[in-house]
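Student: Below you'll find final10.cif; it's mmCIF, C-alpha atoms.
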```
data_query
#
loop_
_atom_site.label_atom_id
_atom_site.label_comp_id
_atom_site.auth_asym_id
_atom_site.auth_seq_id
_atom_site.Cartn_x
_atom_site.Cartn_y
_atom_site.Cartn_z
CA MET A 147 -4.07 -21.13 63.43
CA ALA A 148 -1.52 -19.53 65.76
CA ALA A 149 -2.85 -17.23 68.48
CA SER A 150 -0.77 -14.44 66.96
CA GLN A 151 -2.63 -14.72 63.64
CA ALA A 152 -6.01 -15.05 65.37
CA ALA A 153 -5.34 -11.81 67.25
CA HIS A 154 -4.68 -10.07 63.92
CA LEU A 155 -8.04 -11.26 62.58
CA VAL A 156 -9.75 -9.90 65.71
CA GLU A 157 -8.05 -6.53 65.20
CA LYS A 158 -9.20 -6.43 61.58
CA ALA A 159 -12.76 -7.16 62.70
CA ILE A 160 -12.69 -4.47 65.41
CA GLY A 161 -10.98 -1.90 63.23
CA HIS A 162 -8.14 0.51 63.99
CA ASP A 163 -8.46 3.78 65.85
CA ASP A 164 -8.16 7.05 63.89
CA ASN A 165 -5.06 8.56 65.52
CA ALA A 166 -2.39 7.54 62.98
CA THR A 167 -1.12 10.00 60.37
CA THR A 168 0.82 7.37 58.41
CA ALA A 169 -0.69 4.42 56.55
CA GLN A 170 -1.12 1.29 58.67
CA ASP A 171 -0.56 -2.38 57.76
CA VAL A 172 1.63 -1.57 54.75
CA SER A 173 3.45 -4.88 54.93
CA THR A 174 3.14 -5.81 51.24
CA PHE A 175 3.12 -3.89 47.96
CA LEU A 176 1.69 -4.35 44.47
CA ASP A 177 3.77 -6.64 42.28
CA ALA A 178 4.83 -4.96 39.02
CA GLY A 179 6.61 -8.02 37.67
CA GLU A 180 9.87 -9.92 37.99
CA GLY A 181 12.11 -6.83 37.80
CA ASP A 182 10.21 -5.28 40.68
CA ARG A 183 10.94 -8.00 43.25
CA MET A 184 13.46 -8.40 46.06
CA ASN A 185 14.61 -10.95 48.60
CA ALA A 186 13.15 -10.66 52.09
CA LEU A 187 12.81 -12.75 55.25
CA VAL A 188 9.10 -13.40 55.85
CA TRP A 189 7.14 -14.95 58.72
CA MET A 190 5.08 -17.91 57.55
CA GLY A 191 3.62 -19.18 60.81
CA LYS A 192 4.71 -20.20 64.29
CA ASN A 193 8.37 -21.32 64.14
CA ARG A 194 8.44 -20.86 60.35
CA VAL A 195 10.31 -18.21 58.37
CA GLU A 196 11.64 -18.27 54.82
CA ILE A 197 13.44 -16.17 52.24
CA ALA A 198 10.93 -15.12 49.61
CA GLN A 199 10.77 -13.01 46.48
CA VAL A 200 8.36 -10.17 47.26
CA PRO A 201 7.48 -6.85 45.59
CA LYS A 202 9.82 -3.95 46.30
CA PRO A 203 8.36 -1.21 48.53
CA LYS A 204 6.98 1.97 46.99
CA ILE A 205 6.56 5.57 48.11
CA VAL A 206 3.12 5.66 49.74
CA GLN A 207 3.15 9.11 51.35
CA ASP A 208 5.16 12.26 50.67
CA ARG A 209 7.36 11.89 53.76
CA ASP A 210 8.43 8.34 52.87
CA VAL A 211 11.95 7.28 51.97
CA ILE A 212 12.85 4.02 50.21
CA LEU A 213 16.11 2.70 51.66
CA LYS A 214 18.35 0.25 49.82
CA VAL A 215 19.41 -1.97 52.71
CA THR A 216 23.16 -2.49 53.20
CA GLY A 217 22.95 -4.10 56.61
CA SER A 218 20.47 -5.47 59.12
CA THR A 219 20.71 -7.66 62.20
CA VAL A 220 19.20 -10.62 64.01
CA CYS A 221 19.01 -10.67 67.80
CA GLY A 222 16.90 -12.23 70.54
CA SER A 223 14.00 -9.86 69.95
CA ASP A 224 13.45 -11.47 66.54
CA LEU A 225 13.00 -14.90 68.14
CA HIS A 226 9.83 -13.74 69.89
CA LEU A 227 8.38 -13.21 66.41
CA LEU A 228 9.62 -16.58 65.15
CA HIS A 229 7.88 -18.26 68.09
CA GLY A 230 4.64 -16.36 67.48
CA SER A 231 4.85 -14.92 71.00
CA VAL A 232 4.17 -11.40 69.75
CA LEU A 233 0.52 -10.88 68.85
CA GLN A 234 -0.90 -10.05 65.41
CA LEU A 235 1.64 -11.49 63.02
CA SER A 236 0.33 -12.33 59.57
CA LYS A 237 1.65 -14.81 57.04
CA GLY A 238 4.09 -13.08 54.70
CA ASP A 239 5.05 -10.23 57.07
CA ILE A 240 8.63 -9.02 56.46
CA LEU A 241 10.64 -9.06 59.68
CA GLY A 242 13.61 -7.00 60.88
CA HIS A 243 13.68 -3.87 63.04
CA GLU A 244 17.37 -2.88 62.94
CA PHE A 245 18.84 -1.83 59.60
CA CYS A 246 20.80 0.78 57.69
CA GLY A 247 21.25 1.57 54.02
CA VAL A 248 21.41 4.07 51.19
CA ALA A 249 18.52 6.38 50.28
CA GLU A 250 17.14 5.20 46.91
CA PHE A 251 13.97 7.30 46.59
CA VAL A 252 12.89 10.31 48.66
CA GLY A 253 9.34 11.62 49.06
CA ARG A 254 8.75 15.19 47.95
CA GLN A 255 8.20 16.51 51.48
CA VAL A 256 11.51 15.11 52.76
CA HIS A 257 14.26 17.73 52.55
CA ASN A 258 16.96 16.42 54.93
CA VAL A 259 17.52 13.00 53.35
CA HIS A 260 19.42 12.78 50.08
CA VAL A 261 19.58 10.05 47.45
CA GLY A 262 22.87 8.17 47.64
CA LYS A 263 23.65 9.04 51.29
CA ARG A 264 23.96 6.38 54.02
CA TYR A 265 21.51 6.31 56.94
CA VAL A 266 20.64 4.20 59.96
CA ALA A 267 16.94 3.81 60.74
CA SER A 268 15.26 4.09 64.11
CA PHE A 269 13.50 0.80 64.88
CA GLN A 270 10.45 2.78 65.97
CA ILE A 271 8.57 5.09 63.63
CA ALA A 272 8.10 8.58 65.06
CA CYS A 273 6.10 11.48 63.63
CA GLY A 274 8.39 14.11 65.16
CA ASP A 275 5.74 16.52 66.42
CA CYS A 276 3.36 14.79 68.89
CA PHE A 277 3.47 15.11 72.71
CA TYR A 278 6.02 12.31 73.12
CA CYS A 279 8.13 13.06 70.06
CA LYS A 280 8.67 16.63 71.23
CA ARG A 281 10.15 15.14 74.42
CA LYS A 282 12.35 12.71 72.43
CA GLN A 283 10.27 9.84 73.86
CA SER A 284 9.88 8.59 70.32
CA SER A 285 9.01 4.98 71.15
CA GLN A 286 5.64 6.19 72.41
CA CYS A 287 4.74 8.33 69.37
CA GLU A 288 0.99 8.95 69.30
CA LYS A 289 0.58 9.14 65.52
CA THR A 290 2.18 6.06 63.95
CA ASN A 291 0.26 3.15 65.48
CA ALA A 292 -3.53 2.94 65.44
CA ASN A 293 -3.88 -0.60 66.80
CA ALA A 294 -7.02 -0.83 68.95
CA MET A 295 -6.04 -4.06 70.73
CA ALA A 296 -2.73 -2.56 71.87
CA LYS A 297 -4.55 0.38 73.43
CA ALA A 298 -7.08 -1.92 75.12
CA MET A 299 -4.33 -4.19 76.52
CA TYR A 300 -1.86 -1.53 77.61
CA GLY A 301 -3.95 1.56 78.28
CA GLY A 302 -1.93 3.24 75.54
CA ARG A 303 0.15 2.32 72.51
CA THR A 304 3.77 2.24 71.49
CA ALA A 305 4.91 3.90 68.30
CA GLY A 306 4.77 1.97 65.08
CA MET A 307 7.77 -0.34 64.65
CA PHE A 308 9.46 -1.91 61.67
CA GLY A 309 8.93 -5.63 61.17
CA TYR A 310 7.34 -6.27 64.56
CA SER A 311 3.75 -7.35 63.87
CA HIS A 312 0.52 -5.50 63.29
CA LEU A 313 0.26 -4.83 67.03
CA THR A 314 2.85 -2.12 66.29
CA GLY A 315 1.34 -0.86 63.05
CA GLY A 316 2.09 -3.60 60.54
CA PHE A 317 5.14 -2.02 58.89
CA ALA A 318 7.38 -4.14 56.66
CA GLY A 319 10.80 -4.69 58.23
CA GLY A 320 14.41 -4.34 57.18
CA GLN A 321 15.56 -7.95 56.76
CA ALA A 322 15.15 -7.31 53.06
CA GLU A 323 16.90 -5.64 50.15
CA TYR A 324 14.70 -2.54 50.32
CA VAL A 325 12.45 -1.00 52.96
CA ARG A 326 9.96 1.85 53.12
CA VAL A 327 10.69 4.33 55.93
CA PRO A 328 7.63 6.43 56.89
CA PHE A 329 8.44 9.94 58.13
CA GLY A 330 11.90 9.44 56.66
CA ASP A 331 12.86 12.99 57.59
CA VAL A 332 12.49 12.00 61.27
CA ASN A 333 13.49 8.33 61.40
CA LEU A 334 16.79 8.28 59.53
CA LEU A 335 20.15 9.45 60.90
CA GLU A 336 22.98 10.02 58.44
CA LEU A 337 26.04 7.84 58.98
CA PRO A 338 29.43 9.53 58.59
CA ASP A 339 32.13 7.87 56.50
CA ASP A 340 34.11 6.77 59.58
CA VAL A 341 31.21 4.69 60.96
CA PRO A 342 30.71 1.48 58.95
CA ASP A 343 27.33 -0.24 58.69
CA GLU A 344 28.34 -2.88 61.23
CA LYS A 345 28.67 -0.15 63.88
CA GLY A 346 25.76 1.98 62.78
CA LYS A 347 22.84 -0.17 63.91
CA SER A 348 20.36 1.05 66.53
CA ASN A 349 21.37 0.47 70.15
CA THR A 350 19.71 0.81 73.52
CA LEU A 351 20.79 2.59 76.65
CA ASP A 352 19.55 1.90 80.15
CA THR A 353 19.63 4.91 82.47
CA GLY A 354 18.76 3.36 85.85
CA VAL A 355 22.29 2.77 87.15
CA GLU A 356 24.19 5.09 89.50
CA LYS A 357 27.83 5.33 90.51
CA ALA A 358 29.04 2.53 92.84
CA ASP A 359 25.94 0.39 92.21
CA SER A 360 26.11 -3.37 92.00
CA VAL A 361 24.02 -4.52 89.04
CA ALA A 362 22.52 -7.92 88.23
CA ILE A 363 21.72 -8.39 84.55
CA PHE A 364 19.34 -11.22 83.68
CA GLY A 365 20.18 -12.19 80.12
CA ALA A 366 23.68 -11.97 78.61
CA GLY A 367 22.61 -11.50 75.00
CA PRO A 368 23.38 -8.34 73.01
CA ILE A 369 21.11 -6.08 75.09
CA GLY A 370 22.38 -7.45 78.39
CA HIS A 371 25.97 -7.23 77.14
CA MET A 372 25.64 -3.54 76.27
CA ALA A 373 23.65 -2.79 79.44
CA GLY A 374 26.63 -4.16 81.36
CA VAL A 375 29.05 -1.97 79.41
CA PHE A 376 26.94 1.15 79.96
CA ALA A 377 26.51 0.34 83.67
CA LEU A 378 30.27 0.08 84.17
CA ASP A 379 30.85 3.18 82.06
CA ARG A 380 28.56 5.01 84.47
CA GLY A 381 30.56 3.91 87.48
CA ALA A 382 28.93 0.67 88.63
CA ARG A 383 31.31 -1.20 90.92
CA LYS A 384 30.11 -4.66 89.93
CA VAL A 385 28.03 -6.33 87.22
CA VAL A 386 26.70 -9.89 87.57
CA PHE A 387 25.38 -11.62 84.47
CA VAL A 388 22.73 -14.32 84.99
CA ASP A 389 22.42 -16.65 82.00
CA THR A 390 23.78 -19.98 80.79
CA GLU A 391 26.04 -21.32 78.05
CA PRO A 392 27.04 -20.37 75.42
CA ARG A 393 26.32 -16.77 76.34
CA LEU A 394 28.37 -16.71 79.54
CA SER A 395 31.40 -17.92 77.60
CA TYR A 396 30.78 -15.17 75.04
CA ILE A 397 30.90 -12.60 77.85
CA ARG A 398 34.16 -14.10 79.11
CA SER A 399 35.80 -13.79 75.71
CA HIS A 400 34.28 -10.60 74.28
CA PHE A 401 33.45 -8.26 77.17
CA PRO A 402 35.89 -5.32 77.48
CA ARG A 403 39.03 -6.59 79.20
CA GLU A 404 39.36 -3.49 81.37
CA TYR A 405 36.04 -4.31 83.04
CA MET A 406 36.33 -8.07 83.59
CA SER A 407 37.69 -7.72 87.14
CA ARG A 408 34.30 -6.20 88.07
CA VAL A 409 32.21 -8.88 86.34
CA ALA A 410 30.76 -12.06 87.87
CA LEU A 411 28.78 -14.79 86.13
CA VAL A 412 25.92 -16.96 87.42
CA ASP A 413 24.74 -19.95 85.39
CA PHE A 414 21.06 -20.40 86.28
CA LYS A 415 21.13 -24.01 85.11
CA THR A 416 23.59 -24.95 87.86
CA VAL A 417 21.35 -23.82 90.73
CA SER A 418 17.84 -24.64 91.93
CA SER A 419 14.71 -22.51 91.74
CA GLY A 420 11.59 -21.95 93.81
CA ILE A 421 11.27 -22.46 97.56
CA THR A 422 14.28 -24.59 98.53
CA ASN A 423 17.28 -24.76 100.87
CA SER A 424 19.59 -25.31 97.89
CA LYS A 425 21.48 -22.61 96.06
CA THR A 426 19.30 -20.45 93.82
CA VAL A 427 19.87 -17.46 91.57
CA VAL A 428 18.56 -15.27 94.39
CA SER A 429 20.87 -16.72 97.05
CA ARG A 430 23.90 -16.55 94.71
CA LEU A 431 23.26 -12.89 93.94
CA LYS A 432 22.98 -12.09 97.63
CA GLU A 433 26.28 -13.89 98.29
CA ILE A 434 28.07 -12.02 95.53
CA CYS A 435 26.63 -8.62 96.47
CA ASP A 436 27.53 -8.05 100.15
CA GLY A 437 25.07 -10.57 101.55
CA ARG A 438 22.13 -8.22 100.87
CA GLY A 439 21.80 -8.38 97.10
CA PRO A 440 22.46 -6.00 94.21
CA ASP A 441 21.36 -2.37 94.11
CA VAL A 442 19.82 -2.83 90.67
CA ALA A 443 18.47 -5.75 88.64
CA LEU A 444 17.88 -5.41 84.89
CA GLU A 445 15.76 -7.86 82.90
CA CYS A 446 17.36 -8.24 79.45
CA ALA A 447 15.93 -11.63 78.48
CA ALA A 448 12.14 -11.78 77.88
CA GLY A 449 8.93 -13.09 79.36
CA GLU A 450 8.36 -16.04 77.02
CA TYR A 451 10.95 -18.41 78.52
CA ALA A 452 9.30 -20.45 81.28
CA LYS A 453 11.59 -22.39 83.64
CA GLY A 454 9.03 -24.43 85.59
CA TRP A 455 6.18 -26.63 84.44
CA LEU A 456 3.42 -24.45 85.91
CA HIS A 457 4.29 -21.36 83.88
CA TRP A 458 4.91 -23.51 80.81
CA LEU A 459 1.42 -24.98 81.14
CA GLU A 460 -0.24 -21.62 81.76
CA MET A 461 1.46 -20.08 78.74
CA ALA A 462 0.63 -23.08 76.55
CA THR A 463 -3.06 -22.87 77.50
CA GLY A 464 -3.28 -19.07 77.20
CA ALA A 465 -3.70 -18.48 80.94
CA GLU A 466 -0.81 -16.03 80.73
CA THR A 467 1.35 -14.59 77.94
CA ASP A 468 4.55 -14.16 79.98
CA THR A 469 6.22 -15.91 82.88
CA SER A 470 6.96 -13.95 86.05
CA GLU A 471 9.88 -16.18 87.09
CA ILE A 472 12.75 -13.88 86.13
CA VAL A 473 10.90 -10.81 87.36
CA ASN A 474 10.35 -12.49 90.75
CA GLU A 475 14.03 -13.43 90.96
CA MET A 476 14.94 -9.81 90.35
CA ILE A 477 12.57 -8.50 93.01
CA GLU A 478 13.68 -11.08 95.57
CA SER A 479 17.41 -10.71 94.87
CA VAL A 480 17.87 -6.94 95.14
CA HIS A 481 18.32 -5.49 98.61
CA SER A 482 15.42 -3.70 100.28
CA PHE A 483 14.63 -0.43 98.49
CA GLY A 484 16.56 -1.75 95.49
CA ARG A 485 15.59 -1.04 91.89
CA CYS A 486 14.38 -3.35 89.12
CA GLY A 487 13.89 -2.51 85.45
CA ILE A 488 12.50 -4.52 82.53
CA THR A 489 14.12 -4.13 79.12
CA GLY A 490 13.34 -7.58 77.68
CA VAL A 491 10.11 -8.03 75.71
CA TYR A 492 6.92 -8.77 77.69
CA VAL A 493 3.76 -8.99 75.63
CA GLY A 494 0.77 -9.08 77.98
CA TYR A 495 -0.12 -10.68 81.31
CA THR A 496 1.59 -12.83 83.91
CA ASN A 497 0.59 -14.91 86.95
CA HIS A 498 2.22 -15.53 90.36
CA PHE A 499 3.87 -12.11 90.47
CA ASN A 500 5.50 -11.52 93.87
CA ILE A 501 3.79 -8.22 94.60
CA GLY A 502 4.18 -8.90 98.33
CA SER A 503 7.98 -8.66 98.22
CA LEU A 504 7.71 -5.58 96.02
CA MET A 505 5.49 -3.80 98.55
CA GLN A 506 6.91 -5.08 101.82
CA ARG A 507 10.56 -4.36 100.97
CA GLY A 508 10.03 -1.12 99.08
CA ILE A 509 11.36 -2.33 95.74
CA ARG A 510 11.31 0.25 92.94
CA PHE A 511 10.04 -1.50 89.82
CA ILE A 512 9.88 0.09 86.37
CA GLY A 513 9.37 -0.87 82.77
CA ASN A 514 12.22 0.67 80.86
CA GLY A 515 9.97 0.64 77.82
CA GLN A 516 10.87 0.32 74.17
CA ALA A 517 14.07 2.37 73.88
CA PRO A 518 13.38 5.95 72.71
CA VAL A 519 16.02 5.87 69.99
CA HIS A 520 15.75 9.57 69.12
CA MET A 521 16.72 10.53 72.66
CA TYR A 522 20.06 8.73 72.43
CA TRP A 523 21.14 8.00 68.87
CA LYS A 524 23.14 11.17 68.18
CA ASP A 525 25.08 10.79 71.43
CA LEU A 526 25.73 7.11 70.73
CA LEU A 527 26.91 7.88 67.20
CA ALA A 528 29.29 10.49 68.59
CA ALA A 529 30.61 7.98 71.14
CA ILE A 530 31.25 5.46 68.35
CA GLN A 531 33.12 8.08 66.34
CA LYS A 532 35.25 8.95 69.37
CA LYS A 533 35.93 5.22 69.90
CA GLU A 534 34.51 5.44 73.41
CA PHE A 535 32.80 2.11 72.83
CA ASP A 536 32.72 -0.45 70.06
CA PRO A 537 29.38 -2.08 69.10
CA LEU A 538 31.28 -4.85 67.30
CA GLN A 539 32.04 -6.45 70.67
CA MET A 540 28.54 -7.98 70.64
CA VAL A 541 28.50 -9.02 66.96
CA SER A 542 29.40 -12.69 66.66
CA HIS A 543 28.50 -13.52 63.03
CA ARG A 544 28.16 -12.04 59.57
CA VAL A 545 25.76 -13.82 57.20
CA ARG A 546 24.03 -13.33 53.86
CA LEU A 547 20.39 -12.32 53.64
CA GLU A 548 19.84 -15.36 51.42
CA ASP A 549 20.78 -17.66 54.33
CA LEU A 550 18.74 -15.85 56.97
CA ASP A 551 15.96 -18.40 57.34
CA LYS A 552 18.54 -21.06 58.28
CA VAL A 553 20.23 -18.58 60.62
CA TYR A 554 16.97 -17.98 62.53
CA TYR A 555 16.69 -21.68 63.34
CA MET A 556 20.36 -21.95 64.31
CA PHE A 557 20.08 -18.86 66.50
CA ASP A 558 16.97 -20.24 68.16
CA ASN A 559 18.81 -23.50 68.90
CA LYS A 560 21.84 -21.60 70.28
CA GLU A 561 24.10 -23.18 67.69
CA ASP A 562 27.57 -21.91 66.82
CA SER A 563 27.53 -19.50 69.83
CA MET A 564 25.46 -16.92 67.92
CA GLN A 565 25.08 -13.67 69.85
CA LYS A 566 24.27 -10.81 67.48
CA VAL A 567 24.23 -11.42 63.74
CA PHE A 568 25.03 -8.82 61.08
CA VAL A 569 23.14 -9.53 57.85
CA GLU A 570 24.64 -8.36 54.58
CA THR A 571 22.77 -7.87 51.31
CA LYS A 572 24.03 -7.72 47.75
CA PHE A 573 24.39 -3.95 48.31
CA SER A 574 26.66 -4.21 51.36
CA ALA A 575 30.19 -2.83 51.44
CA PRO A 576 33.08 -5.20 52.22
CA ALA A 577 33.32 -6.19 55.88
CA ALA A 578 34.74 -3.47 58.11
CA GLN A 579 37.88 -4.04 60.14
CA GLY A 580 37.01 -6.04 63.25
CA SER A 581 33.78 -7.40 61.78
CA PRO A 582 33.32 -11.19 61.88
CA PRO A 583 34.10 -12.92 58.57
CA LEU A 584 31.21 -13.98 56.36
CA THR A 585 29.77 -17.39 57.23
CA ARG A 586 27.79 -19.27 54.58
CA TYR A 587 25.03 -21.73 55.43
#
```
Would you kindly transcribe this structure into structure tokens?
Tutor:
Amino acid sequence: MAASQAAHLVEKAIGHDDNATTAQDVSTFLDAGEGDRMNALVWMGKNRVEIAQVPKPKIVQDRDVILKVTGSTVCGSDLHLLHGSVLQLSKGDILGHEFCGVAEFVGRQVHNVHVGKRYVASFQIACGDCFYCKRKQSSQCEKTNANAMAKAMYGGRTAGMFGYSHLTGGFAGGQAEYVRVPFGDVNLLELPDDVPDEKGKSNTLDTGVEKADSVAIFGAGPIGHMAGVFALDRGARKVVFVDTEPRLSYIRSHFPREYMSRVALVDFKTVSSGITNSKTVVSRLKEICDGRGPDVALECAAGEYAKGWLHWLEMATGAETDTSEIVNEMIESVHSFGRCGITGVYVGYTNHFNIGSLMQRGIRFIGNGQAPVHMYWKDLLAAIQKKEFDPLQMVSHRVRLEDLDKVYYMFDNKEDSMQKVFVETKFSAPAAQGSPPLTRY
């Protein structure tokens, strides 16, 4: 049994806390027969997903909305689930945390969502009226996740999240033909006619960059890509992406042309690591950024990817859940009193963290947290409408939901230069202008 599944059994034995005001662990529904089923991507165990016929979701509470999915996505965050790195997955869980669609059924207490209208969903589930929701810090909602293990591990809990394990509430995700949206009056944003589904997915925004900063971004996937765009939009003088192929080539060919003169690329596979006189990621970043290092380093990869054998062994034996290698490179590369922020997914605990450099050189180190979508999504939607930025620049492929299990494995193996994948269903509109053509597998 995978550790992720074992953790779910422990949580079931302990029992949830009593803080949630929406039903927990609603990841499956009663089967009313063949006409009541849909296609969905389900987790079947470590490194195993498949397309399955499962019961369609139902209205459970009066503030629910049932969304007919017209588009979802696959990105690096989904691979942590495939690998079983995120705790408390259960066989048959429907994955997918980014999606949009058409309202099919609306609970009787929902008055701002209308059947037949198009909406994008927040990946986190917010109640709208708790301490954090009132401050638009929706990813930390106090009333949608009652997981006891999460509170014990973190000292607090995130909000519930779609398709991201029972550690975040056990909600069925959007890589499916239909999805239940709890608190639908809070967690759906209407999409105007001039914003197609391919541009209407949830995005993230990092706010730790100031004008004239030099910024190192560890991870050139979709999140790193957009973090680089936002950093340069905010006046950064230089952005350095640290990754390897094929993602560095994707940046070369798809990053906004007007910014490329301020972009540098470092392939971590071409340099050494650890204590050495050879070139390392740290030494290269210092060379590129005035001999002192960048002002800011942003982690947009994740903690599950060990480089050296020691962290690989410790993660394999459960001695840690996440490697500190990238985090240490960030801390060591920025100049003294520089700033480091983590956006990539880290699940639990790490070893060999360079706290000495952090303290001695006055490094500011923050977790950027799960993005509080409600704080930013209206502004981002307005920016898309004004054509101030184009989310399609990070979308490399368009695929069918029916092929999604194969796509997961290809994405994991870095085949076909996959970056961000738009997933269409049988309800999707024709591809928007600028969207990648449909690829069949």
Student: Mind dumping a table of every stretch 235-316 of chain A residue within 8 Å of stretch 503-521 of chain A, with the nearest atom pair and its distance in Å to one decimal, using all atoms listed in the file, sorted by chain and rising number, as JSON lines?
Tutor:
```
{"residue": "A:Ser268", "atom": "CA", "partner": "A:Val519", "partner_atom": "CA", "distance": 6.2}
{"residue": "A:Phe269", "atom": "CA", "partner": "A:Val519", "partner_atom": "CA", "distance": 7.6}
{"residue": "A:Gln270", "atom": "CA", "partner": "A:Val519", "partner_atom": "CA", "distance": 7.5}
{"residue": "A:Lys282", "atom": "CA", "partner": "A:Met521", "partner_atom": "CA", "distance": 4.9}
{"residue": "A:Gln283", "atom": "CA", "partner": "A:Pro518", "partner_atom": "CA", "distance": 5.1}
{"residue": "A:Ser284", "atom": "CA", "partner": "A:Pro518", "partner_atom": "CA", "distance": 5.0}
{"residue": "A:Ser285", "atom": "CA", "partner": "A:Pro518", "partner_atom": "CA", "distance": 4.7}
{"residue": "A:Gln286", "atom": "CA", "partner": "A:Pro518", "partner_atom": "CA", "distance": 7.7}
{"residue": "A:Thr304", "atom": "CA", "partner": "A:Gln516", "partner_atom": "CA", "distance": 7.8}
```
Student: May I ask which of the residues A:Leu526, A:Val417, A:Cys221, A:Ala178 is the closest one to A:Gln565, counting all atoms listed in the file?
Tutor: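 Checking each of A:Leu526, A:Val417, A:Cys221, A:Ala178 against A:Gln565, counting all atoms listed in the file, the winner is A:Cys221.
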Student: Which residues match the PyMOL selection byres ((chain A and resi 182) around 10) in the file above, as JSON, numbers by chain?
Tutor: {"A": [176, 177, 178, 179, 180, 181, 183, 184, 199, 200, 201, 202, 203]}
Student: Pick from A:Asn185, A:Gln255, A:Asn474, A:Gln234: nearest to A:Ser419, with all atoms listed in the file counted?
Tutor: A:Asn474
Student: Counting only C-alpha atoms, which residues come within 12 Å of (-2.1, 1.6, 72.4), with the point read in the file's coordinates, and could you list them as a VMD selection string?
Tutor: chain A and resid 162 to 166 285 to 306 312 to 315
Student: Determine, counting all atoms listed in the file, which protein, DNA and RNA residues have an atom within 9 Å of an atom of stretch 206-216 of chain A; residues of the same chain fewer than 3 positions away are not included. Present the result as a ChimeraX atom specification.
Tutor: /A:168-169,172,203,245-256,259,264-265,320-331,343,569-575
Student: Expressed in Å to a single decimal, how great is the separation between atom CA of A:Ile271 and atom CA of A:Met564?
Tutor: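 For atom CA of A:Ile271 relative to atom CA of A:Met564, the distance reads 28.1 Å.
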Student: Report, in Å to a single decimal, how far apart atom CA of A:Thr219 and atom CA of A:Ala462 are.
Tutor: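 For atom CA of A:Ala462 relative to atom CA of A:Thr219, the distance reads 29.1 Å.
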Student: Could you list, as a PDB file with C-alpha atoms, keeping the file's coordinate frame, every residue within 10 Å of A:Phe557, counting only C-alpha atoms and ignoring same-chain residues fewer than 6 positions away?
Tutor:
```pdb
ATOM      1  CA  VAL A 220      19.200 -10.620  64.010  1.00  0.00           C
ATOM      2  CA  CYS A 221      19.010 -10.670  67.800  1.00  0.00           C
ATOM      3  CA  GLY A 222      16.900 -12.230  70.540  1.00  0.00           C
ATOM      4  CA  ASP A 224      13.450 -11.470  66.540  1.00  0.00           C
ATOM      5  CA  LEU A 225      13.000 -14.900  68.140  1.00  0.00           C
ATOM      6  CA  SER A 563      27.530 -19.500  69.830  1.00  0.00           C
ATOM      7  CA  MET A 564      25.460 -16.920  67.920  1.00  0.00           C
ATOM      8  CA  GLN A 565      25.080 -13.670  69.850  1.00  0.00           C
ATOM      9  CA  LYS A 566      24.270 -10.810  67.480  1.00  0.00           C
ATOM     10  CA  VAL A 567      24.230 -11.420  63.740  1.00  0.00           C
TER      11      VAL A 567
END
```
Student: For A:Ile363, which residue among A:Asp339, A:Gly454, A:Asn258, A:Ser479 is the nearest when counting all atoms listed in the file?
Tutor: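 Under the stated criterion, the closest residue is A:Ser479.
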Student: Tell me, as a PyMOL selection string, which residues lie within 12 Å of A:Val375, counting all atoms listed in the file; anything in the same chain fewer than 2 positions away does not count.
Tutor: chain A and resi 350-352+355+361+363+366+368-373+377-387+397+400-406+408-409+534-537+539-540
Student: Let me see the file: selected residues, C-alpha atoms, as a compact mmCIF listing (two decimals), keeping the file's coordinate frame.
Tutor:
```txt
# COMPACT_ATOMS: atom_id res chain seq x y z
CA THR A 350 19.71 0.81 73.52
CA LEU A 351 20.79 2.59 76.65
CA ASP A 352 19.55 1.90 80.15
CA VAL A 355 22.29 2.77 87.15
CA VAL A 361 24.02 -4.52 89.04
CA ILE A 363 21.72 -8.39 84.55
CA ALA A 366 23.68 -11.97 78.61
CA PRO A 368 23.38 -8.34 73.01
CA ILE A 369 21.11 -6.08 75.09
CA GLY A 370 22.38 -7.45 78.39
CA HIS A 371 25.97 -7.23 77.14
CA MET A 372 25.64 -3.54 76.27
CA ALA A 373 23.65 -2.79 79.44
CA ALA A 377 26.51 0.34 83.67
CA LEU A 378 30.27 0.08 84.17
CA ASP A 379 30.85 3.18 82.06
CA ARG A 380 28.56 5.01 84.47
CA GLY A 381 30.56 3.91 87.48
CA ALA A 382 28.93 0.67 88.63
CA ARG A 383 31.31 -1.20 90.92
CA LYS A 384 30.11 -4.66 89.93
CA VAL A 385 28.03 -6.33 87.22
CA VAL A 386 26.70 -9.89 87.57
CA PHE A 387 25.38 -11.62 84.47
CA ILE A 397 30.90 -12.60 77.85
CA HIS A 400 34.28 -10.60 74.28
CA PHE A 401 33.45 -8.26 77.17
CA PRO A 402 35.89 -5.32 77.48
CA ARG A 403 39.03 -6.59 79.20
CA GLU A 404 39.36 -3.49 81.37
CA TYR A 405 36.04 -4.31 83.04
CA MET A 406 36.33 -8.07 83.59
CA ARG A 408 34.30 -6.20 88.07
CA VAL A 409 32.21 -8.88 86.34
CA GLU A 534 34.51 5.44 73.41
CA PHE A 535 32.80 2.11 72.83
CA ASP A 536 32.72 -0.45 70.06
CA PRO A 537 29.38 -2.08 69.10
CA GLN A 539 32.04 -6.45 70.67
CA MET A 540 28.54 -7.98 70.64
```
Student: Identify which of the residues A:Val188, A:Thr174, A:Gly367, A:Gly494 lies closest to A:Met461, counting all atoms listed in the file when measuring atom-to-atom distances.
Tutor: A:Gly494
Student: Kindly indicate which residue among A:Ala410, A:Leu538, A:Val266, A:Ala578 lies nearest to A:Ile434, using all atoms listed in the file for the distances.
Tutor: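 Among the listed residues, the smallest separation from A:Ile434 belongs to A:Ala410.
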